[in-house]
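The structure file entry_38.txt is reproduced below (compact mmCIF, N, CA and C atoms and all ligand atoms).
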# COMPACT_ATOMS: atom_id res chain seq x y z
N MET A 1 94.17 92.31 97.86
CA MET A 1 93.71 92.33 96.47
C MET A 1 92.97 93.62 96.16
N PHE A 2 92.97 93.98 94.89
CA PHE A 2 92.29 95.18 94.47
C PHE A 2 90.85 94.85 94.15
N PRO A 3 89.91 95.60 94.70
CA PRO A 3 88.50 95.34 94.37
C PRO A 3 88.22 95.63 92.90
N LEU A 4 87.17 95.04 92.41
CA LEU A 4 86.77 95.29 91.02
C LEU A 4 86.36 96.74 90.86
N PRO A 5 86.50 97.28 89.66
CA PRO A 5 86.00 98.63 89.42
C PRO A 5 84.52 98.69 89.70
N SER A 6 84.10 99.79 90.24
CA SER A 6 82.71 99.84 90.65
C SER A 6 81.77 100.26 89.52
N ALA A 7 82.32 100.85 88.46
CA ALA A 7 81.45 101.38 87.41
C ALA A 7 80.56 100.30 86.82
N GLY A 8 79.28 100.49 86.97
CA GLY A 8 78.32 99.60 86.35
C GLY A 8 78.32 98.20 86.90
N GLN A 9 78.86 97.98 88.10
CA GLN A 9 78.97 96.62 88.59
C GLN A 9 78.29 96.49 89.94
N GLY A 10 77.04 96.14 89.92
CA GLY A 10 76.29 95.75 91.10
C GLY A 10 76.42 96.69 92.28
N GLU A 11 76.97 96.15 93.38
CA GLU A 11 77.01 96.87 94.65
C GLU A 11 77.63 98.25 94.56
N GLY A 12 78.70 98.38 93.80
CA GLY A 12 79.40 99.65 93.75
C GLY A 12 78.70 100.71 92.92
N GLU A 13 77.64 100.32 92.28
CA GLU A 13 77.02 101.22 91.32
C GLU A 13 76.52 102.51 91.97
N GLY A 14 75.96 102.39 93.17
CA GLY A 14 75.47 103.57 93.86
C GLY A 14 76.59 104.55 94.15
N VAL A 15 77.72 104.02 94.59
CA VAL A 15 78.87 104.86 94.88
C VAL A 15 79.34 105.52 93.60
N THR A 16 79.44 104.74 92.54
CA THR A 16 79.89 105.27 91.26
C THR A 16 78.96 106.38 90.80
N SER A 17 77.69 106.15 90.96
CA SER A 17 76.71 107.12 90.52
C SER A 17 76.88 108.45 91.25
N THR A 18 77.11 108.37 92.56
CA THR A 18 77.32 109.58 93.34
C THR A 18 78.56 110.31 92.86
N LEU A 19 79.65 109.54 92.70
CA LEU A 19 80.90 110.14 92.25
C LEU A 19 80.71 110.77 90.88
N TYR A 20 79.98 110.07 90.04
CA TYR A 20 79.77 110.55 88.69
C TYR A 20 79.13 111.93 88.70
N HIS A 21 78.10 112.10 89.53
CA HIS A 21 77.41 113.39 89.56
C HIS A 21 78.32 114.49 90.09
N GLU A 22 79.17 114.14 91.06
CA GLU A 22 80.07 115.14 91.63
C GLU A 22 81.14 115.57 90.63
N GLU A 23 81.64 114.59 89.86
CA GLU A 23 82.82 114.86 89.04
C GLU A 23 82.49 115.14 87.58
N ASN A 24 81.28 114.82 87.19
CA ASN A 24 80.93 114.87 85.78
C ASN A 24 81.24 116.20 85.12
N SER A 25 80.97 117.29 85.82
CA SER A 25 81.08 118.60 85.19
C SER A 25 82.51 118.95 84.81
N MET A 26 83.51 118.32 85.43
CA MET A 26 84.87 118.71 85.11
C MET A 26 85.54 117.77 84.11
N TYR A 27 84.83 116.77 83.64
CA TYR A 27 85.43 115.79 82.74
C TYR A 27 85.00 115.98 81.29
N SER A 28 85.90 115.58 80.38
CA SER A 28 85.56 115.56 78.96
C SER A 28 84.54 114.45 78.69
N ASP A 29 83.90 114.51 77.54
CA ASP A 29 82.95 113.47 77.16
C ASP A 29 83.64 112.10 77.09
N ILE A 30 84.89 112.09 76.66
CA ILE A 30 85.62 110.81 76.53
C ILE A 30 85.82 110.20 77.91
N VAL A 31 86.21 111.03 78.88
CA VAL A 31 86.40 110.52 80.25
C VAL A 31 85.07 109.96 80.76
N THR A 32 84.02 110.73 80.57
CA THR A 32 82.71 110.32 81.07
C THR A 32 82.28 108.99 80.45
N GLU A 33 82.51 108.85 79.15
CA GLU A 33 82.12 107.62 78.46
C GLU A 33 82.91 106.41 78.99
N HIS A 34 84.20 106.58 79.17
CA HIS A 34 85.03 105.46 79.66
C HIS A 34 84.71 105.15 81.12
N PHE A 35 84.36 106.18 81.87
CA PHE A 35 84.02 105.98 83.27
C PHE A 35 82.69 105.22 83.39
N LYS A 36 81.74 105.62 82.56
CA LYS A 36 80.42 104.99 82.64
C LYS A 36 80.42 103.58 82.05
N ASN A 37 81.22 103.39 81.00
CA ASN A 37 81.28 102.08 80.33
C ASN A 37 82.75 101.67 80.14
N PRO A 38 83.40 101.30 81.24
CA PRO A 38 84.83 100.97 81.14
C PRO A 38 85.08 99.77 80.22
N HIS A 39 86.15 99.88 79.43
CA HIS A 39 86.54 98.79 78.55
C HIS A 39 87.55 97.89 79.28
N ASN A 40 87.44 96.60 79.05
CA ASN A 40 88.45 95.64 79.53
C ASN A 40 88.62 95.64 81.05
N ALA A 41 87.54 95.82 81.78
CA ALA A 41 87.62 95.77 83.24
C ALA A 41 87.60 94.31 83.69
N GLY A 42 88.44 94.01 84.67
CA GLY A 42 88.43 92.67 85.24
C GLY A 42 89.81 92.04 85.27
N GLU A 43 89.90 91.01 86.06
CA GLU A 43 91.16 90.30 86.22
C GLU A 43 91.44 89.44 84.99
N MET A 44 92.73 89.19 84.70
CA MET A 44 93.11 88.30 83.61
C MET A 44 93.88 87.13 84.23
N ALA A 45 93.26 85.99 84.24
CA ALA A 45 93.85 84.84 84.94
C ALA A 45 95.17 84.39 84.31
N ASP A 46 95.29 84.53 82.99
CA ASP A 46 96.49 84.02 82.31
C ASP A 46 97.42 85.14 81.87
N ALA A 47 97.44 86.23 82.63
CA ALA A 47 98.28 87.38 82.27
C ALA A 47 99.76 87.00 82.23
N ASP A 48 100.50 87.62 81.33
CA ASP A 48 101.94 87.43 81.25
C ASP A 48 102.69 88.49 82.06
N GLY A 49 101.98 89.56 82.41
CA GLY A 49 102.59 90.62 83.22
C GLY A 49 101.51 91.35 83.99
N VAL A 50 101.82 91.70 85.25
CA VAL A 50 100.86 92.41 86.09
C VAL A 50 101.58 93.58 86.73
N GLY A 51 100.94 94.75 86.71
CA GLY A 51 101.54 95.93 87.34
C GLY A 51 100.57 96.58 88.29
N ASP A 52 101.04 96.88 89.49
CA ASP A 52 100.23 97.56 90.50
C ASP A 52 100.80 98.93 90.81
N ASP A 53 99.94 99.87 91.04
CA ASP A 53 100.41 101.17 91.53
C ASP A 53 99.29 101.81 92.34
N SER A 54 99.66 102.73 93.19
CA SER A 54 98.66 103.42 93.99
C SER A 54 99.15 104.82 94.30
N ASN A 55 98.23 105.67 94.65
CA ASN A 55 98.59 107.03 95.05
C ASN A 55 98.36 107.14 96.55
N PRO A 56 99.43 107.38 97.31
CA PRO A 56 99.31 107.40 98.76
C PRO A 56 98.43 108.54 99.28
N VAL A 57 98.28 109.59 98.49
CA VAL A 57 97.49 110.75 98.96
C VAL A 57 95.99 110.47 98.85
N CYS A 58 95.54 110.07 97.65
CA CYS A 58 94.10 109.84 97.47
C CYS A 58 93.71 108.40 97.81
N GLY A 59 94.71 107.50 97.80
CA GLY A 59 94.42 106.10 98.14
C GLY A 59 93.92 105.26 96.98
N ASP A 60 93.84 105.86 95.80
CA ASP A 60 93.35 105.10 94.64
C ASP A 60 94.39 104.04 94.23
N THR A 61 93.87 102.90 93.75
CA THR A 61 94.76 101.81 93.35
C THR A 61 94.41 101.35 91.94
N MET A 62 95.43 100.91 91.23
CA MET A 62 95.26 100.45 89.85
C MET A 62 96.08 99.19 89.66
N ARG A 63 95.51 98.21 88.97
CA ARG A 63 96.25 96.99 88.60
C ARG A 63 96.01 96.74 87.12
N LEU A 64 97.11 96.54 86.39
CA LEU A 64 97.03 96.29 84.95
C LEU A 64 97.52 94.88 84.64
N PHE A 65 96.80 94.20 83.77
CA PHE A 65 97.18 92.87 83.31
C PHE A 65 97.47 92.95 81.81
N ILE A 66 98.56 92.30 81.37
CA ILE A 66 98.84 92.26 79.93
C ILE A 66 99.08 90.82 79.49
N LYS A 67 98.65 90.54 78.28
CA LYS A 67 98.91 89.25 77.63
C LYS A 67 99.78 89.58 76.43
N VAL A 68 100.91 88.86 76.30
CA VAL A 68 101.90 89.18 75.26
C VAL A 68 102.09 88.00 74.32
N SER A 69 102.18 88.31 73.04
CA SER A 69 102.50 87.30 72.05
C SER A 69 103.41 87.91 71.00
N ASP A 70 104.54 87.25 70.71
CA ASP A 70 105.51 87.77 69.73
C ASP A 70 105.87 89.22 70.01
N ASP A 71 106.19 89.52 71.25
CA ASP A 71 106.62 90.87 71.66
C ASP A 71 105.57 91.95 71.42
N ARG A 72 104.32 91.53 71.41
CA ARG A 72 103.23 92.47 71.18
C ARG A 72 102.15 92.24 72.25
N ILE A 73 101.54 93.31 72.73
CA ILE A 73 100.47 93.16 73.71
C ILE A 73 99.17 92.83 72.97
N VAL A 74 98.67 91.65 73.22
CA VAL A 74 97.48 91.21 72.49
C VAL A 74 96.20 91.44 73.30
N LYS A 75 96.38 91.61 74.61
CA LYS A 75 95.21 91.81 75.47
C LYS A 75 95.65 92.58 76.71
N ALA A 76 94.77 93.44 77.22
CA ALA A 76 95.07 94.15 78.47
C ALA A 76 93.76 94.33 79.23
N SER A 77 93.84 94.23 80.54
CA SER A 77 92.65 94.49 81.36
C SER A 77 93.09 95.12 82.67
N PHE A 78 92.12 95.58 83.44
CA PHE A 78 92.48 96.31 84.67
C PHE A 78 91.49 96.07 85.80
N LEU A 79 92.01 96.30 87.00
CA LEU A 79 91.18 96.41 88.21
C LEU A 79 91.57 97.73 88.86
N THR A 80 90.64 98.61 89.01
CA THR A 80 90.95 99.92 89.60
C THR A 80 89.93 100.26 90.66
N ARG A 81 90.45 100.74 91.77
CA ARG A 81 89.58 101.27 92.81
C ARG A 81 89.94 102.75 92.92
N GLY A 82 89.04 103.59 92.44
CA GLY A 82 89.40 105.00 92.48
C GLY A 82 88.34 105.89 91.87
N CYS A 83 88.76 107.08 91.58
CA CYS A 83 87.85 108.11 91.06
C CYS A 83 87.50 107.81 89.60
N GLY A 84 86.59 108.61 89.06
CA GLY A 84 86.17 108.45 87.68
C GLY A 84 87.33 108.58 86.71
N ALA A 85 88.24 109.51 86.98
CA ALA A 85 89.37 109.71 86.08
C ALA A 85 90.30 108.51 86.11
N ALA A 86 90.47 107.91 87.27
CA ALA A 86 91.34 106.72 87.38
C ALA A 86 90.73 105.56 86.60
N ILE A 87 89.44 105.39 86.70
CA ILE A 87 88.77 104.31 85.96
C ILE A 87 88.84 104.58 84.46
N ALA A 88 88.58 105.82 84.07
CA ALA A 88 88.66 106.18 82.64
C ALA A 88 90.08 106.02 82.12
N ALA A 89 91.07 106.42 82.92
CA ALA A 89 92.48 106.30 82.49
C ALA A 89 92.85 104.82 82.34
N SER A 90 92.35 103.98 83.24
CA SER A 90 92.62 102.54 83.15
C SER A 90 92.02 101.97 81.88
N SER A 91 90.76 102.32 81.65
CA SER A 91 90.04 101.83 80.48
C SER A 91 90.75 102.27 79.20
N MET A 92 91.10 103.54 79.12
CA MET A 92 91.79 104.07 77.92
C MET A 92 93.14 103.39 77.74
N THR A 93 93.85 103.19 78.83
CA THR A 93 95.16 102.55 78.76
C THR A 93 95.07 101.16 78.15
N THR A 94 94.08 100.39 78.55
CA THR A 94 93.96 99.03 78.00
C THR A 94 93.65 99.10 76.50
N ASP A 95 92.87 100.08 76.09
CA ASP A 95 92.59 100.25 74.64
C ASP A 95 93.87 100.63 73.90
N MET A 96 94.64 101.55 74.49
CA MET A 96 95.86 102.02 73.83
C MET A 96 96.90 100.91 73.70
N LEU A 97 96.96 100.04 74.69
CA LEU A 97 98.00 99.00 74.71
C LEU A 97 97.75 97.89 73.71
N ARG A 98 96.50 97.60 73.48
CA ARG A 98 96.17 96.44 72.63
C ARG A 98 96.79 96.58 71.24
N GLY A 99 97.60 95.60 70.86
CA GLY A 99 98.23 95.59 69.54
C GLY A 99 99.58 96.28 69.48
N LEU A 100 99.98 96.94 70.58
CA LEU A 100 101.26 97.65 70.56
C LEU A 100 102.42 96.70 70.80
N SER A 101 103.58 97.02 70.20
CA SER A 101 104.80 96.27 70.52
C SER A 101 105.19 96.65 71.95
N LEU A 102 105.99 95.81 72.59
CA LEU A 102 106.43 96.11 73.96
C LEU A 102 107.22 97.41 73.98
N GLN A 103 107.99 97.64 72.94
CA GLN A 103 108.79 98.88 72.85
C GLN A 103 107.89 100.11 72.81
N ASP A 104 106.86 100.06 71.98
CA ASP A 104 105.95 101.20 71.88
C ASP A 104 105.15 101.38 73.17
N ALA A 105 104.79 100.28 73.78
CA ALA A 105 104.03 100.37 75.05
C ALA A 105 104.86 101.08 76.11
N ALA A 106 106.17 100.81 76.10
CA ALA A 106 107.05 101.42 77.10
C ALA A 106 107.18 102.93 76.91
N ARG A 107 106.81 103.41 75.74
CA ARG A 107 106.92 104.85 75.46
C ARG A 107 105.68 105.63 75.86
N ILE A 108 104.61 104.95 76.23
CA ILE A 108 103.38 105.66 76.61
C ILE A 108 103.60 106.42 77.91
N THR A 109 103.22 107.68 77.91
CA THR A 109 103.38 108.51 79.11
C THR A 109 102.00 108.87 79.67
N ASN A 110 102.01 109.42 80.85
CA ASN A 110 100.74 109.87 81.44
C ASN A 110 100.09 110.95 80.58
N LYS A 111 100.93 111.75 79.92
CA LYS A 111 100.38 112.80 79.04
C LYS A 111 99.64 112.19 77.86
N ASP A 112 100.18 111.10 77.32
CA ASP A 112 99.50 110.41 76.21
C ASP A 112 98.12 109.94 76.65
N VAL A 113 98.07 109.38 77.85
CA VAL A 113 96.78 108.87 78.36
C VAL A 113 95.82 110.04 78.58
N ALA A 114 96.32 111.10 79.21
CA ALA A 114 95.45 112.26 79.47
C ALA A 114 94.97 112.87 78.15
N ASN A 115 95.86 112.98 77.17
CA ASN A 115 95.47 113.55 75.87
C ASN A 115 94.42 112.67 75.18
N ALA A 116 94.62 111.36 75.25
CA ALA A 116 93.66 110.45 74.62
C ALA A 116 92.28 110.58 75.27
N LEU A 117 92.27 111.00 76.52
CA LEU A 117 91.00 111.17 77.24
C LEU A 117 90.39 112.56 76.99
N GLY A 118 91.03 113.33 76.13
CA GLY A 118 90.52 114.68 75.86
C GLY A 118 90.90 115.65 76.96
N GLY A 119 91.95 115.29 77.71
CA GLY A 119 92.44 116.15 78.79
C GLY A 119 91.83 115.75 80.12
N LEU A 120 92.55 116.12 81.19
CA LEU A 120 92.06 115.89 82.56
C LEU A 120 92.23 117.20 83.33
N PRO A 121 91.35 117.46 84.28
CA PRO A 121 91.54 118.64 85.12
C PRO A 121 92.86 118.53 85.89
N GLY A 122 93.47 119.65 86.19
CA GLY A 122 94.77 119.65 86.88
C GLY A 122 94.78 118.79 88.12
N SER A 123 93.69 118.83 88.87
CA SER A 123 93.63 118.08 90.13
C SER A 123 93.52 116.57 89.88
N LYS A 124 93.32 116.19 88.61
CA LYS A 124 93.14 114.76 88.29
C LYS A 124 94.26 114.23 87.39
N LEU A 125 95.28 115.05 87.15
CA LEU A 125 96.37 114.57 86.29
C LEU A 125 97.09 113.38 86.91
N HIS A 126 97.14 113.35 88.23
CA HIS A 126 97.85 112.23 88.88
C HIS A 126 97.16 110.88 88.61
N CYS A 127 95.90 110.91 88.19
CA CYS A 127 95.20 109.67 87.86
C CYS A 127 95.84 109.05 86.62
N SER A 128 96.27 109.90 85.67
CA SER A 128 96.95 109.37 84.48
C SER A 128 98.37 108.93 84.82
N VAL A 129 98.94 109.53 85.87
CA VAL A 129 100.28 109.10 86.30
C VAL A 129 100.22 107.66 86.81
N LEU A 130 99.12 107.32 87.46
CA LEU A 130 98.93 105.93 87.89
C LEU A 130 98.94 105.00 86.69
N ALA A 131 98.29 105.42 85.61
CA ALA A 131 98.23 104.59 84.40
C ALA A 131 99.63 104.35 83.85
N GLU A 132 100.44 105.41 83.79
CA GLU A 132 101.82 105.24 83.32
C GLU A 132 102.57 104.29 84.25
N GLY A 133 102.33 104.42 85.53
CA GLY A 133 103.01 103.57 86.52
C GLY A 133 102.69 102.10 86.33
N VAL A 134 101.43 101.78 86.10
CA VAL A 134 101.09 100.36 85.97
C VAL A 134 101.58 99.78 84.64
N ILE A 135 101.67 100.63 83.61
CA ILE A 135 102.25 100.13 82.34
C ILE A 135 103.70 99.73 82.59
N ARG A 136 104.48 100.63 83.20
CA ARG A 136 105.89 100.34 83.47
C ARG A 136 106.03 99.05 84.29
N LYS A 137 105.21 98.95 85.32
CA LYS A 137 105.34 97.81 86.23
C LYS A 137 104.89 96.50 85.57
N ALA A 138 103.86 96.56 84.75
CA ALA A 138 103.42 95.34 84.05
C ALA A 138 104.49 94.89 83.05
N LEU A 139 105.14 95.85 82.38
CA LEU A 139 106.20 95.49 81.44
C LEU A 139 107.40 94.91 82.18
N GLU A 140 107.74 95.52 83.31
CA GLU A 140 108.84 94.99 84.13
C GLU A 140 108.53 93.56 84.56
N ASP A 141 107.30 93.35 85.01
CA ASP A 141 106.90 92.02 85.47
C ASP A 141 106.99 91.03 84.32
N TYR A 142 106.55 91.43 83.14
CA TYR A 142 106.62 90.55 81.96
C TYR A 142 108.08 90.17 81.68
N HIS A 143 108.97 91.17 81.68
CA HIS A 143 110.38 90.90 81.37
C HIS A 143 111.00 89.99 82.44
N LYS A 144 110.63 90.24 83.69
CA LYS A 144 111.16 89.40 84.79
C LYS A 144 110.70 87.95 84.61
N ARG A 145 109.42 87.78 84.29
CA ARG A 145 108.90 86.42 84.11
C ARG A 145 109.54 85.73 82.91
N SER A 146 109.79 86.47 81.84
CA SER A 146 110.34 85.81 80.66
C SER A 146 111.81 85.49 80.80
N GLN A 147 112.48 86.08 81.81
CA GLN A 147 113.89 85.74 82.03
C GLN A 147 114.04 84.52 82.91
N SER A 148 113.00 84.18 83.65
CA SER A 148 113.14 83.06 84.60
C SER A 148 112.71 81.74 83.99
S1 LIG A 201 91.85 110.97 92.64
FE1 LIG A 201 93.67 109.83 92.88
S2 LIG A 201 93.82 108.53 91.14
FE2 LIG A 201 92.04 109.72 90.83

Can you present the structure in this file as structure tokens?
Ligand code: FES
Amino acid sequence: MFPLPSAGQGEGEGVTSTLYHEENSMYSDIVTEHFKNPHNAGEMADADGVGDDSNPVCGDTMRLFIKVSDDRIVKASFLTRGCGAAIAASSMTTDMLRGLSLQDAARITNKDVANALGGLPGSKLHCSVLAEGVIRKALEDYHKRSQS
């Protein structure tokens, strides 16, 4: 299982705080805000689709949950274990997905996520690639479940 995001959550807070100080200088204000106060963090017990992805190099992991009604994403949440950019990208992704049709959600790219975050440093662009990956996988999972 993927651990809960550490930002602002008890035990992991010290680790997050250390990471924050190391990485803060290279992030936009939007990234910093989402990292410090992630939106929609946590598991969704009644999700209609779940997508997992990870980066084998850095080891960061992301899990996205979506709730769908009438072909529209009505709710999204995440569990991410990773750097500040990965947490911010997860948080932004859940905000972007809410209210979107499944078709529009499928069109979101890592560049859209990075742009919405006010840009990411080159060394952190792969964090937004994880976000695109979990969107694709959560949508695939939703379609698979609705066919069975
Ligand atoms: S450093 Fe790998 S996802 Fe952020």

Exercise. Write down as number ranges by chain the residues belonging to chain A that are assigned helix (DSSP H, G or I) by DSSP computed on the backbone.
Key: A: 10-26, 29-36, 84-97, 102-106, 110-116, 122-147

Quiz item: Do you know which residues are within 6 Å of ligand LIG 201 (chain A) using all atoms listed in the file? Can you write them as a PyMOL selection string?
Solution: chain A and resi 58-60+82-86+124+126-127

Quiz prompt | A:Val129, A:Met92, A:Ala76, A:Leu139 ranked by distance to Gly42 in chain A, top pick (using only N, CA and C atoms) | solution =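 The answer is A:Ala76, which sits nearest to Gly42 in chain A.
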
Quiz item: For Val50 in chain A, which residue among A:Ile66, A:Ile30, A:Gln147, A:Gly119 is the nearest when counting all atoms listed in the file?
Solution: A:Ile66

Quiz item: Just asking: which residues within range 29-82 of chain A are strand (DSSP E or B) according to DSSP, as a list in words?
Solution: Ala41, Gly49, Val50, Gly51, Asp52, Asp53, Ser54, Thr61, Met62, Arg63, Leu64, Phe65, Ile66, Lys67, Val68, Ser69, Arg72, Ile73, Val74, Lys75, Ala76, Ser77, Phe78, Leu79, Thr80 and Arg81 of chain A

Quiz prompt | Spatial neighbours of Ala41 in chain A, 7 Å, all atoms listed in the file, chain gap at least 2 places, as a count of residues only | solution = 9

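Of the residues under consideration (A:Phe65, A:Ser146, A:Met44, A:Met26), A:Phe65 shows the shortest atom-to-atom contact distance to Val134 in chain A when counting only N, CA and C atoms.
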